[in-house]
$ cat start19.txt   # compact mmCIF, C-alpha atoms and all ligand atoms
# COMPACT_ATOMS: atom_id res chain seq x y z
CA MET A 860 -98.04 -195.71 9.24
CA THR A 861 -94.33 -196.32 8.77
CA THR A 862 -94.01 -199.64 6.96
CA ARG A 863 -95.60 -200.65 3.66
CA GLU A 864 -95.27 -204.36 3.20
CA TYR A 865 -97.30 -206.84 1.17
CA PHE A 866 -98.41 -210.15 2.73
CA ALA A 867 -100.04 -213.06 0.92
CA PRO A 868 -101.19 -215.62 3.51
CA ASP A 869 -102.58 -218.96 2.34
CA SER A 870 -104.87 -219.57 5.32
CA VAL A 871 -107.25 -217.68 7.58
CA ASP A 872 -104.92 -218.36 10.52
CA GLY A 873 -101.99 -216.95 8.55
CA ALA A 874 -103.97 -213.80 7.75
CA LEU A 875 -104.97 -213.47 11.40
CA ARG A 876 -101.33 -213.82 12.57
CA THR A 877 -100.28 -211.00 10.25
CA LEU A 878 -103.21 -208.86 11.39
CA ALA A 879 -102.36 -209.50 15.04
CA GLU A 880 -98.85 -208.12 14.41
CA ARG A 881 -100.08 -205.28 12.16
CA PRO A 882 -103.67 -204.43 13.11
CA GLN A 883 -103.62 -201.32 10.93
CA ALA A 884 -102.83 -203.31 7.76
CA HIS A 885 -105.35 -203.08 4.89
CA LEU A 886 -107.13 -206.28 3.90
CA LEU A 887 -107.18 -206.66 0.13
CA ALA A 888 -109.91 -208.75 -1.52
CA GLY A 889 -110.78 -207.75 -5.11
CA GLY A 890 -109.28 -204.31 -4.58
CA THR A 891 -111.98 -202.47 -6.56
CA ASP A 892 -112.65 -200.18 -3.59
CA LEU A 893 -109.38 -200.44 -1.68
CA LEU A 894 -107.04 -199.63 -4.57
CA ASN A 895 -109.22 -196.67 -5.60
CA ASP A 896 -109.20 -195.40 -2.03
CA LEU A 897 -105.40 -195.72 -1.84
CA ARG A 898 -104.93 -194.11 -5.23
CA HIS A 899 -107.12 -191.14 -4.34
CA GLY A 900 -105.70 -190.69 -0.84
CA VAL A 901 -109.01 -191.54 0.84
CA ILE A 902 -107.09 -193.92 3.12
CA GLU A 903 -103.46 -193.81 4.16
CA PRO A 904 -100.97 -196.12 2.47
CA GLY A 905 -99.96 -199.01 4.71
CA ASP A 906 -99.21 -202.70 4.86
CA VAL A 907 -101.49 -204.87 2.73
CA VAL A 908 -102.74 -208.38 3.52
CA ASP A 909 -103.94 -209.96 0.27
CA LEU A 910 -106.70 -212.53 0.84
CA ALA A 911 -106.61 -213.94 -2.71
CA GLY A 912 -104.58 -217.02 -1.73
CA VAL A 913 -106.85 -218.09 1.14
CA ALA A 914 -108.84 -220.96 -0.36
CA GLU A 915 -111.34 -221.19 2.51
CA LEU A 916 -112.54 -217.65 1.83
CA ARG A 917 -113.34 -218.44 -1.79
CA GLU A 918 -115.58 -221.45 -1.27
CA LEU A 919 -119.33 -221.68 -1.77
CA ASP A 920 -120.55 -224.62 0.31
CA GLU A 921 -123.95 -226.11 0.49
CA GLY A 922 -125.09 -228.38 3.30
CA ALA A 923 -128.31 -229.46 4.95
CA ASP A 924 -128.18 -226.27 7.05
CA GLY A 925 -127.96 -223.97 4.06
CA LEU A 926 -125.42 -222.00 2.06
CA ARG A 927 -122.06 -220.68 3.18
CA ILE A 928 -120.66 -218.01 0.87
CA GLY A 929 -116.93 -217.40 1.27
CA ALA A 930 -116.10 -213.73 1.78
CA THR A 931 -113.85 -213.50 -1.28
CA LEU A 932 -116.24 -215.15 -3.71
CA THR A 933 -116.52 -212.72 -6.61
CA MET A 934 -119.80 -211.49 -8.07
CA ARG A 935 -119.16 -213.47 -11.27
CA GLU A 936 -118.41 -216.64 -9.31
CA LEU A 937 -121.64 -216.11 -7.39
CA LEU A 938 -123.56 -215.62 -10.63
CA ALA A 939 -122.04 -218.80 -12.07
CA ALA A 940 -122.95 -220.90 -9.02
CA PRO A 941 -125.74 -223.48 -9.39
CA LEU A 942 -128.22 -221.70 -7.13
CA GLY A 943 -131.34 -222.37 -9.21
CA THR A 944 -134.11 -220.06 -8.05
CA ARG A 945 -132.54 -219.48 -4.63
CA LEU A 946 -131.19 -216.12 -3.45
CA ARG A 947 -132.67 -214.34 -6.42
CA ALA A 948 -132.28 -210.88 -4.84
CA LEU A 949 -128.59 -211.58 -4.25
CA ARG A 950 -128.03 -212.71 -7.83
CA GLU A 951 -129.88 -209.66 -9.16
CA ALA A 952 -127.75 -207.38 -6.97
CA ALA A 953 -124.49 -209.06 -8.03
CA ASP A 954 -125.52 -208.70 -11.66
CA LEU A 955 -126.17 -204.96 -11.23
CA LEU A 956 -122.89 -204.24 -9.45
CA GLY A 957 -120.51 -202.38 -11.74
CA GLY A 958 -119.87 -203.91 -15.15
CA ARG A 959 -118.48 -207.32 -16.06
CA GLN A 960 -114.86 -206.40 -15.36
CA ILE A 961 -115.68 -205.09 -11.91
CA GLN A 962 -117.85 -208.15 -11.20
CA ALA A 963 -114.89 -210.40 -12.02
CA ALA A 964 -112.86 -208.85 -9.19
CA ALA A 965 -115.40 -207.45 -6.70
CA THR A 966 -116.09 -209.82 -3.82
CA VAL A 967 -119.18 -210.29 -1.69
CA GLY A 968 -117.21 -209.70 1.53
CA GLY A 969 -115.47 -206.62 0.13
CA ASN A 970 -118.84 -205.12 -0.78
CA LEU A 971 -120.10 -205.64 2.79
CA CYS A 972 -116.87 -204.54 4.52
CA GLN A 973 -116.46 -201.35 2.50
CA GLY A 974 -119.30 -200.03 4.67
CA SER A 975 -121.15 -198.26 1.88
CA PRO A 976 -124.81 -197.44 2.65
CA ALA A 977 -125.44 -198.34 -1.03
CA ALA A 978 -123.51 -201.64 -0.95
CA GLU A 979 -125.22 -203.66 -3.63
CA VAL A 980 -125.43 -207.07 -1.99
CA ALA A 981 -126.22 -205.79 1.52
CA THR A 982 -130.00 -205.47 1.31
CA ALA A 983 -130.28 -208.72 -0.64
CA LEU A 984 -128.45 -210.62 2.07
CA LEU A 985 -130.38 -208.83 4.84
CA VAL A 986 -133.73 -210.01 3.45
CA HIS A 987 -132.43 -213.57 3.22
CA GLY A 988 -131.63 -213.48 6.94
CA ALA A 989 -127.85 -213.69 6.44
CA VAL A 990 -125.47 -214.31 9.31
CA VAL A 991 -121.80 -213.36 9.02
CA GLU A 992 -118.90 -215.44 10.29
CA VAL A 993 -116.04 -213.38 11.66
CA ALA A 994 -112.58 -214.65 12.63
CA GLY A 995 -110.42 -212.89 15.21
CA PRO A 996 -107.21 -213.69 17.07
CA ASP A 997 -108.84 -215.95 19.64
CA VAL A 998 -112.20 -217.01 18.37
CA ARG A 999 -114.61 -217.25 15.46
CA ARG A 1000 -118.01 -215.68 16.02
CA ALA A 1001 -121.24 -215.31 14.10
CA MET A 1002 -123.70 -212.43 14.13
CA PRO A 1003 -126.66 -211.20 12.08
CA LEU A 1004 -125.45 -209.24 9.05
CA ALA A 1005 -127.20 -206.07 10.28
CA GLU A 1006 -124.71 -205.98 13.17
CA LEU A 1007 -121.75 -205.71 10.79
CA PHE A 1008 -122.63 -202.20 9.59
CA ALA A 1009 -121.54 -199.26 11.73
CA GLY A 1010 -121.90 -196.30 9.35
CA PRO A 1011 -120.43 -195.02 6.11
CA ARG A 1012 -117.00 -196.67 5.61
CA ARG A 1013 -117.22 -198.37 9.01
CA THR A 1014 -117.96 -201.87 10.21
CA THR A 1015 -118.08 -203.32 13.69
CA LEU A 1016 -115.08 -205.58 12.93
CA ALA A 1017 -112.10 -205.10 15.24
CA PRO A 1018 -108.82 -204.21 13.46
CA ALA A 1019 -107.49 -207.75 13.95
CA GLU A 1020 -110.67 -209.43 12.64
CA LEU A 1021 -111.77 -210.45 9.18
CA LEU A 1022 -115.00 -211.55 7.56
CA VAL A 1023 -114.77 -215.24 6.67
CA ALA A 1024 -118.17 -216.12 5.23
CA ILE A 1025 -121.82 -215.27 4.94
CA ARG A 1026 -124.37 -217.93 5.85
CA VAL A 1027 -127.98 -218.23 4.73
CA SER A 1028 -130.17 -221.00 6.12
CA ALA A 1029 -131.73 -223.48 3.70
CA ALA A 1030 -135.20 -222.19 4.61
CA ASP A 1031 -134.32 -218.50 4.10
CA ALA A 1032 -132.50 -219.17 0.82
CA VAL A 1033 -135.71 -220.31 -0.90
CA TRP A 1034 -137.80 -217.28 0.03
CA ARG A 1035 -139.03 -215.51 -3.10
CA SER A 1036 -136.97 -212.37 -3.40
CA ALA A 1037 -135.99 -209.49 -5.64
CA TYR A 1038 -133.62 -206.53 -5.69
CA ARG A 1039 -134.32 -203.18 -7.33
CA ARG A 1040 -132.30 -199.99 -7.51
CA ILE A 1041 -132.48 -196.49 -8.98
CA ASP A 1042 -129.25 -195.41 -10.66
CA LEU A 1043 -128.01 -192.78 -13.04
CA ARG A 1044 -125.59 -194.70 -15.20
CA ARG A 1045 -125.74 -198.47 -15.15
CA SER A 1046 -122.35 -200.18 -14.60
CA VAL A 1047 -120.35 -197.12 -13.55
CA ASP A 1048 -122.53 -195.85 -10.74
CA ILE A 1049 -123.73 -197.06 -7.40
CA ALA A 1050 -127.40 -197.00 -6.44
CA ILE A 1051 -129.15 -193.71 -5.63
CA VAL A 1052 -131.46 -195.86 -3.53
CA SER A 1053 -132.07 -199.59 -3.51
CA ALA A 1054 -134.35 -202.14 -1.91
CA SER A 1055 -134.75 -205.87 -1.54
CA ALA A 1056 -137.82 -207.84 -0.56
CA ALA A 1057 -138.10 -211.50 0.39
CA LEU A 1058 -141.33 -213.35 0.97
CA ASP A 1059 -142.23 -216.75 2.30
CA VAL A 1060 -145.43 -217.50 0.40
CA ASP A 1061 -147.40 -220.59 1.29
CA GLY A 1062 -150.80 -221.44 -0.14
CA GLY A 1063 -150.78 -218.13 -2.00
CA VAL A 1064 -150.52 -216.15 1.27
CA VAL A 1065 -147.50 -214.22 2.57
CA ARG A 1066 -146.53 -216.02 5.78
CA SER A 1067 -143.26 -214.15 6.47
CA ALA A 1068 -141.53 -211.20 4.84
CA ARG A 1069 -138.45 -209.01 5.01
CA VAL A 1070 -137.86 -205.65 3.36
CA ALA A 1071 -134.50 -203.82 3.37
CA VAL A 1072 -133.46 -200.45 1.98
CA GLY A 1073 -130.05 -199.18 0.84
CA ALA A 1074 -128.58 -195.68 0.47
CA ALA A 1075 -131.30 -194.05 2.55
CA ARG A 1076 -129.64 -194.12 5.98
CA PRO A 1077 -125.99 -194.34 7.08
CA VAL A 1078 -126.23 -198.14 6.81
CA PRO A 1079 -128.36 -200.56 4.76
CA PHE A 1080 -131.33 -201.46 6.99
CA LEU A 1081 -134.25 -203.81 7.47
CA VAL A 1082 -137.65 -202.13 7.68
CA HIS A 1083 -139.56 -204.48 9.95
CA GLU A 1084 -142.85 -202.54 9.79
CA ALA A 1085 -142.78 -202.61 5.99
CA ALA A 1086 -142.43 -206.37 6.13
CA ALA A 1087 -145.26 -206.57 8.68
CA ALA A 1088 -147.56 -204.72 6.26
CA LEU A 1089 -147.23 -207.63 3.84
CA LEU A 1090 -148.09 -210.44 6.24
CA GLY A 1091 -151.27 -212.39 5.58
CA VAL A 1092 -151.80 -210.91 2.12
CA ALA A 1093 -153.19 -213.24 -0.54
CA VAL A 1094 -150.88 -212.48 -3.45
CA ALA A 1095 -153.55 -213.18 -6.10
CA ASP A 1096 -155.84 -210.56 -4.55
CA GLU A 1097 -154.68 -207.51 -6.51
CA ALA A 1098 -156.56 -204.98 -4.33
CA ALA A 1099 -155.22 -206.42 -1.07
CA LEU A 1100 -151.71 -206.68 -2.52
CA ALA A 1101 -151.79 -203.09 -3.81
CA ALA A 1102 -152.92 -201.79 -0.40
CA ALA A 1103 -150.22 -203.78 1.40
CA VAL A 1104 -147.50 -202.68 -1.03
CA ASP A 1105 -148.58 -199.04 -0.59
CA ARG A 1106 -148.37 -199.40 3.19
CA ALA A 1107 -144.94 -201.06 2.98
CA ALA A 1108 -143.65 -198.32 0.66
CA ALA A 1109 -145.00 -195.56 2.92
CA VAL A 1110 -143.43 -197.10 6.03
CA ALA A 1111 -140.09 -197.49 4.24
CA ARG A 1112 -140.18 -193.83 3.14
CA SER A 1113 -140.83 -192.75 6.74
CA ALA A 1114 -138.03 -194.95 8.04
CA SER A 1115 -135.54 -193.35 5.63
CA ALA A 1116 -133.25 -190.47 6.49
CA PRO A 1117 -131.50 -189.88 3.17
CA ILE A 1118 -128.82 -187.30 2.46
CA SER A 1119 -128.38 -185.00 -0.52
CA ASP A 1120 -125.20 -185.51 -2.53
CA VAL A 1121 -123.91 -185.12 -6.07
CA ARG A 1122 -126.10 -187.94 -7.33
CA ALA A 1123 -129.49 -186.99 -5.82
CA GLY A 1124 -131.30 -184.76 -3.36
CA ALA A 1125 -132.67 -186.11 -0.09
CA GLU A 1126 -136.32 -185.59 -1.02
CA TYR A 1127 -135.92 -187.34 -4.37
CA ARG A 1128 -134.19 -190.20 -2.59
CA ARG A 1129 -136.98 -190.48 -0.04
CA ALA A 1130 -139.63 -190.58 -2.78
CA MET A 1131 -137.63 -193.20 -4.68
CA VAL A 1132 -137.42 -195.43 -1.59
CA GLY A 1133 -141.16 -195.97 -1.96
CA VAL A 1134 -140.71 -196.75 -5.64
CA VAL A 1135 -137.93 -199.33 -5.18
CA VAL A 1136 -139.73 -201.01 -2.30
CA GLU A 1137 -142.87 -201.35 -4.41
CA ARG A 1138 -140.87 -202.71 -7.36
CA ALA A 1139 -138.93 -205.16 -5.20
CA VAL A 1140 -142.04 -206.51 -3.47
CA ARG A 1141 -143.95 -206.85 -6.73
CA ALA A 1142 -141.01 -208.57 -8.40
CA ALA A 1143 -140.69 -210.99 -5.48
CA VAL A 1144 -144.42 -211.72 -5.59
CA GLY A 1145 -144.26 -212.13 -9.36
CA GLU A 1146 -142.66 -215.52 -9.04
CA GLU A 1147 -145.73 -216.73 -7.23
CA ARG A 1148 -148.43 -215.66 -9.68
C1 LIG B 1 -116.22 -198.81 -11.76
C2 LIG B 1 -116.76 -199.29 -10.44
C3 LIG B 1 -118.12 -199.56 -10.33
C4 LIG B 1 -118.65 -199.97 -9.11
N1 LIG B 1 -119.99 -200.22 -9.05
C5 LIG B 1 -120.51 -200.60 -7.87
C6 LIG B 1 -121.93 -200.84 -7.77
O1 LIG B 1 -122.69 -200.72 -8.73
N2 LIG B 1 -122.42 -201.22 -6.55
C7 LIG B 1 -121.61 -201.37 -5.45
O2 LIG B 1 -122.11 -201.73 -4.38
N3 LIG B 1 -120.28 -201.16 -5.53
C8 LIG B 1 -119.71 -200.78 -6.70
N4 LIG B 1 -118.37 -200.56 -6.78
C9 LIG B 1 -117.54 -200.72 -5.56
C10 LIG B 1 -116.85 -202.09 -5.42
O3 LIG B 1 -116.63 -202.71 -6.67
C11 LIG B 1 -117.64 -203.06 -4.51
O4 LIG B 1 -117.90 -202.49 -3.25
C12 LIG B 1 -116.89 -204.39 -4.33
O5 LIG B 1 -117.79 -205.41 -3.99
C13 LIG B 1 -115.79 -204.35 -3.29
O6 LIG B 1 -115.22 -205.64 -3.20
P1 LIG B 1 -113.65 -205.88 -3.34
O7 LIG B 1 -113.43 -207.33 -3.23
O8 LIG B 1 -113.10 -205.21 -4.54
O9 LIG B 1 -113.18 -205.15 -2.00
P2 LIG B 1 -111.77 -204.46 -1.68
O10 LIG B 1 -111.63 -203.21 -2.46
O11 LIG B 1 -110.66 -205.44 -1.74
O12 LIG B 1 -112.05 -204.12 -0.13
C14 LIG B 1 -113.04 -203.21 0.26
C15 LIG B 1 -112.95 -202.97 1.77
O13 LIG B 1 -113.35 -204.12 2.47
C16 LIG B 1 -112.28 -204.62 3.30
N5 LIG B 1 -112.35 -206.08 3.18
C17 LIG B 1 -112.36 -206.80 2.04
N6 LIG B 1 -112.51 -208.10 2.33
C18 LIG B 1 -112.60 -208.20 3.68
C19 LIG B 1 -112.78 -209.29 4.59
N7 LIG B 1 -112.91 -210.56 4.17
N8 LIG B 1 -112.84 -209.02 5.91
C20 LIG B 1 -112.72 -207.74 6.37
N9 LIG B 1 -112.55 -206.67 5.56
C21 LIG B 1 -112.49 -206.91 4.23
C22 LIG B 1 -111.01 -204.02 2.70
O14 LIG B 1 -109.98 -203.93 3.66
C23 LIG B 1 -111.54 -202.66 2.23
O15 LIG B 1 -111.62 -201.79 3.34
C24 LIG B 1 -117.80 -200.14 -7.97
C25 LIG B 1 -116.43 -199.89 -8.09
C26 LIG B 1 -115.90 -199.47 -9.31
C27 LIG B 1 -114.42 -199.23 -9.39

$ encode --input "start19.txt" --output "structure tokens" --more "lines below"
Ligand SMILES: Cc1cc2nc3c(=O)[nH]c(=O)nc-3n(C[C@H](O)[C@H](O)[C@H](O)COP(=O)(O)OP(=O)(O)OC[C@H]3O[C@@H](n4cnc5c(N)ncnc54)[C@H](O)[C@@H]3O)c2cc1C
Amino acid sequence: MTTREYFAPDSVDGALRTLAERPQAHLLAGGTDLLNDLRHGVIEPGDVVDLAGVAELRELDEGADGLRIGATLTMRELLAAPLGTRLRALREAADLLGGRQIQAAATVGGNLCQGSPAAEVATALLVHGAVVEVAGPDVRRAMPLAELFAGPRRTTLAPAELLVAIRVSAADAVWRSAYRRIDLRRSVDIAIVSASAALDVDGGVVRSARVAVGAARPVPFLVHEAAAALLGVAVADEAALAAAVDRAAAVARSASAPISDVRAGAEYRRAMVGVVVERAVRAAVGEER
């Protein structure tokens, strides 16, 4: 990369025009990943397009259809939003990400676009059925969040595209949910493994469910069979619930393909997947009992 210029557009269209001219430019949101990566030579220095001045990206809108979370909403702004009991898993994940200073800068979109398998808010948004809105040179498109992730440090976004917002339908936002993670050092470490569960409980029975796991495959992922194990369970029936949670945890362990790294070995990670899935499901159910 030969030039190193800084751009501060005030609209999505302005950001897209700059990206169209310089598709290799780095998008800067909170900078908590990007600036570290530049500083440590993980990515090459290059032009920077700062999204901080783009008001549309910072908005949290609520309509009859549901919630629209702007990509550059920070974790602290999310935690301060009047969400009531909705999106509990997402709020728990935002609250566990880094410490307060990091949460003041780190954005929801940056967390998703960094492409980390351990990205804190990813599993929480997956279990709430999130859809992402992407803007490119010619068109805006929407796709299920799962389709954004391509592998460690990679997304499916084209170089001239950016993430605009994350949408959760009104119905999905009210599902009972929870996020749990295993970590070494709270606030300075990312998850060793993590999981979110969301349940639609009606009449004391689980009518629909989603379970997602983080840091146990190259991308955060939904475990559909784990969710299926929870369907039809009467949450007040402790024996039935325990059996269903065991099945969900076992399926999630089998669906995992964790790696060994400096923070944990693969076998420990696999075992802990079962633990975080059990904790997340039980915490989500807890609101109902
Ligand atoms: C001390 C410390 C602790 C941390 N703890 C955690 C933790 O516990 N859990 C965790 O998950 N992470 C953690 N992180 C990592 C980081 O804070 C998060 O991933 C954060 O959410 C990234 O958001 P950001 O706005 O800072 O992204 P940036 O650093 O600005 O961007 C990250 C990447 O996303 C791209 N990007 C940003 N916005 C967009 C967009 N709208 N469209 C397309 N691409 C975009 C950027 O180009 C860059 O490649 C930690 C970091 C530090 C320094």

$ residues_near_ligand --input "start19.txt" --ligand "ligand LIG 1 (chain B)" --cutoff "6 Å" --atoms "only C-alpha atoms and all ligand atoms" --output "VMD selection string"
chain A and resid 885 to 893 930 956 to 957 961 964 to 970 972 to 973 977 to 979 1021 to 1023 1046 to 1049

$ atom_distance --input "start19.txt" --atom1 "CA of Arg1039 (chain A)" --atom2 "CA of Arg1138 (chain A)"
6.6 Å

$ residues_around --input "start19.txt" --residues "region 1096-1105 of chain A" --least-positions-apart "3" --cutoff "10 Å" --atoms "all atoms listed in the file" --output "PyMOL selection string"
chain A and resi 1063-1064+1085-1093+1108-1111+1133-1134+1136-1141+1144

$ residues_around --input "start19.txt" --residues "region 863-879 of chain A" --least-positions-apart "3" --cutoff "12 Å" --atoms "all atoms listed in the file" --output "VMD selection string"
chain A and resid 860 882 to 888 903 to 917 929 to 931 993 to 999 1017 to 1024

$ residues_around --input "start19.txt" --residues "Ser1028 (chain A)" --least-positions-apart "2" --cutoff "10 Å" --atoms "all atoms listed in the file" --output "list in words"
Glu921, Gly922, Ala923, Asp924, Gly925, Leu926, Arg927, His987, Gly988, Ala989, Val990, Arg1026, Ala1030, Asp1031, Ala1032 and Val1033 of chain A

$ atom_distance --input "start19.txt" --atom1 "CA of Ala948 (chain A)" --atom2 "CA of Ala1001 (chain A)"
22.4 Å

$ closest_residue --input "start19.txt" --among "A:Ala952, A:Leu938, A:Arg1012, A:Gly958" --to "Val901 (chain A)" --atoms "all atoms listed in the file"
A:Arg1012

$ axis_aligned_box --input "start19.txt" --around "region 978-996 of chain A" --padding-each-side "8 Å" --output "lines of an AutoDock Vina configuration file"
center_x = -120.5
center_y = -208.5
center_z = 6.7
size_x = 42.5
size_y = 29.8
size_z = 36.7

$ closest_residue --input "start19.txt" --among "A:Ala1009, A:Val1052, A:Ala1068, A:Ala1123" --to "Ala1107 (chain A)" --atoms "only C-alpha atoms"
A:Ala1068

$ atom_distance --input "start19.txt" --atom1 "CA of Gly1145 (chain A)" --atom2 "CA of Ala1056 (chain A)"
11.7 Å

$ closest_residue --input "start19.txt" --among "A:Glu936, A:Ser1036, A:Val980, A:Leu942" --to "Gln962 (chain A)" --atoms "only C-alpha atoms"
A:Glu936

$ decode --input "start19.txt" --residues "region 1073-1129 of chain A" --atoms "C-alpha atoms" --output "mmCIF file, in the first residue's frame"
data_model
loop_
_atom_site.group_PDB
_atom_site.id
_atom_site.type_symbol
_atom_site.label_atom_id
_atom_site.label_comp_id
_atom_site.auth_asym_id
_atom_site.auth_seq_id
_atom_site.Cartn_x
_atom_site.Cartn_y
_atom_site.Cartn_z
ATOM 1 C CA GLY A 1073 -18.079 -19.268 20.235
ATOM 2 C CA ALA A 1074 -14.333 -20.016 20.082
ATOM 3 C CA ALA A 1075 -14.853 -23.688 19.288
ATOM 4 C CA ARG A 1076 -14.735 -23.561 15.484
ATOM 5 C CA PRO A 1077 -13.208 -21.061 13.030
ATOM 6 C CA VAL A 1078 -16.420 -19.000 13.270
ATOM 7 C CA PRO A 1079 -19.118 -18.536 15.933
ATOM 8 C CA PHE A 1080 -21.886 -21.011 15.031
ATOM 9 C CA LEU A 1081 -25.462 -22.040 15.683
ATOM 10 C CA VAL A 1082 -25.917 -25.625 16.868
ATOM 11 C CA HIS A 1083 -29.329 -26.496 15.477
ATOM 12 C CA GLU A 1084 -29.432 -30.014 16.969
ATOM 13 C CA ALA A 1085 -28.680 -28.641 20.428
ATOM 14 C CA ALA A 1086 -31.625 -26.294 20.066
ATOM 15 C CA ALA A 1087 -33.800 -29.167 18.832
ATOM 16 C CA ALA A 1088 -32.998 -31.124 22.013
ATOM 17 C CA LEU A 1089 -34.734 -28.407 24.035
ATOM 18 C CA LEU A 1090 -37.989 -28.281 22.095
ATOM 19 C CA GLY A 1091 -41.147 -29.338 23.908
ATOM 20 C CA VAL A 1092 -39.500 -29.404 27.327
ATOM 21 C CA ALA A 1093 -41.615 -28.236 30.268
ATOM 22 C CA VAL A 1094 -39.171 -25.945 32.040
ATOM 23 C CA ALA A 1095 -40.617 -26.662 35.512
ATOM 24 C CA ASP A 1096 -39.986 -30.393 35.055
ATOM 25 C CA GLU A 1097 -36.461 -30.583 36.475
ATOM 26 C CA ALA A 1098 -35.814 -34.169 35.286
ATOM 27 C CA ALA A 1099 -36.955 -33.442 31.718
ATOM 28 C CA LEU A 1100 -35.020 -30.174 31.661
ATOM 29 C CA ALA A 1101 -31.849 -31.827 32.971
ATOM 30 C CA ALA A 1102 -32.061 -34.559 30.320
ATOM 31 C CA ALA A 1103 -32.648 -32.015 27.552
ATOM 32 C CA VAL A 1104 -29.804 -29.767 28.733
ATOM 33 C CA ASP A 1105 -27.466 -32.792 28.856
ATOM 34 C CA ARG A 1106 -28.424 -33.704 25.288
ATOM 35 C CA ALA A 1107 -27.937 -30.117 24.090
ATOM 36 C CA ALA A 1108 -24.520 -29.920 25.778
ATOM 37 C CA ALA A 1109 -23.419 -33.256 24.300
ATOM 38 C CA VAL A 1110 -24.493 -32.256 20.795
ATOM 39 C CA ALA A 1111 -22.685 -28.922 21.111
ATOM 40 C CA ARG A 1112 -19.489 -30.691 22.251
ATOM 41 C CA SER A 1113 -19.673 -33.003 19.228
ATOM 42 C CA ALA A 1114 -20.274 -30.092 16.876
ATOM 43 C CA SER A 1115 -17.153 -28.312 18.144
ATOM 44 C CA ALA A 1116 -13.745 -28.510 16.525
ATOM 45 C CA PRO A 1117 -11.652 -26.410 18.903
ATOM 46 C CA ILE A 1118 -7.962 -25.612 18.559
ATOM 47 C CA SER A 1119 -5.232 -25.580 21.188
ATOM 48 C CA ASP A 1120 -3.561 -22.220 21.766
ATOM 49 C CA VAL A 1121 -1.833 -20.271 24.522
ATOM 50 C CA ARG A 1122 -5.056 -19.900 26.474
ATOM 51 C CA ALA A 1123 -6.375 -23.494 26.448
ATOM 52 C CA GLY A 1124 -6.001 -26.951 24.957
ATOM 53 C CA ALA A 1125 -8.500 -28.321 22.459
ATOM 54 C CA GLU A 1126 -9.814 -31.049 24.762
ATOM 55 C CA TYR A 1127 -10.359 -28.625 27.635
ATOM 56 C CA ARG A 1128 -12.159 -26.302 25.245
ATOM 57 C CA ARG A 1129 -14.390 -29.111 23.993
#
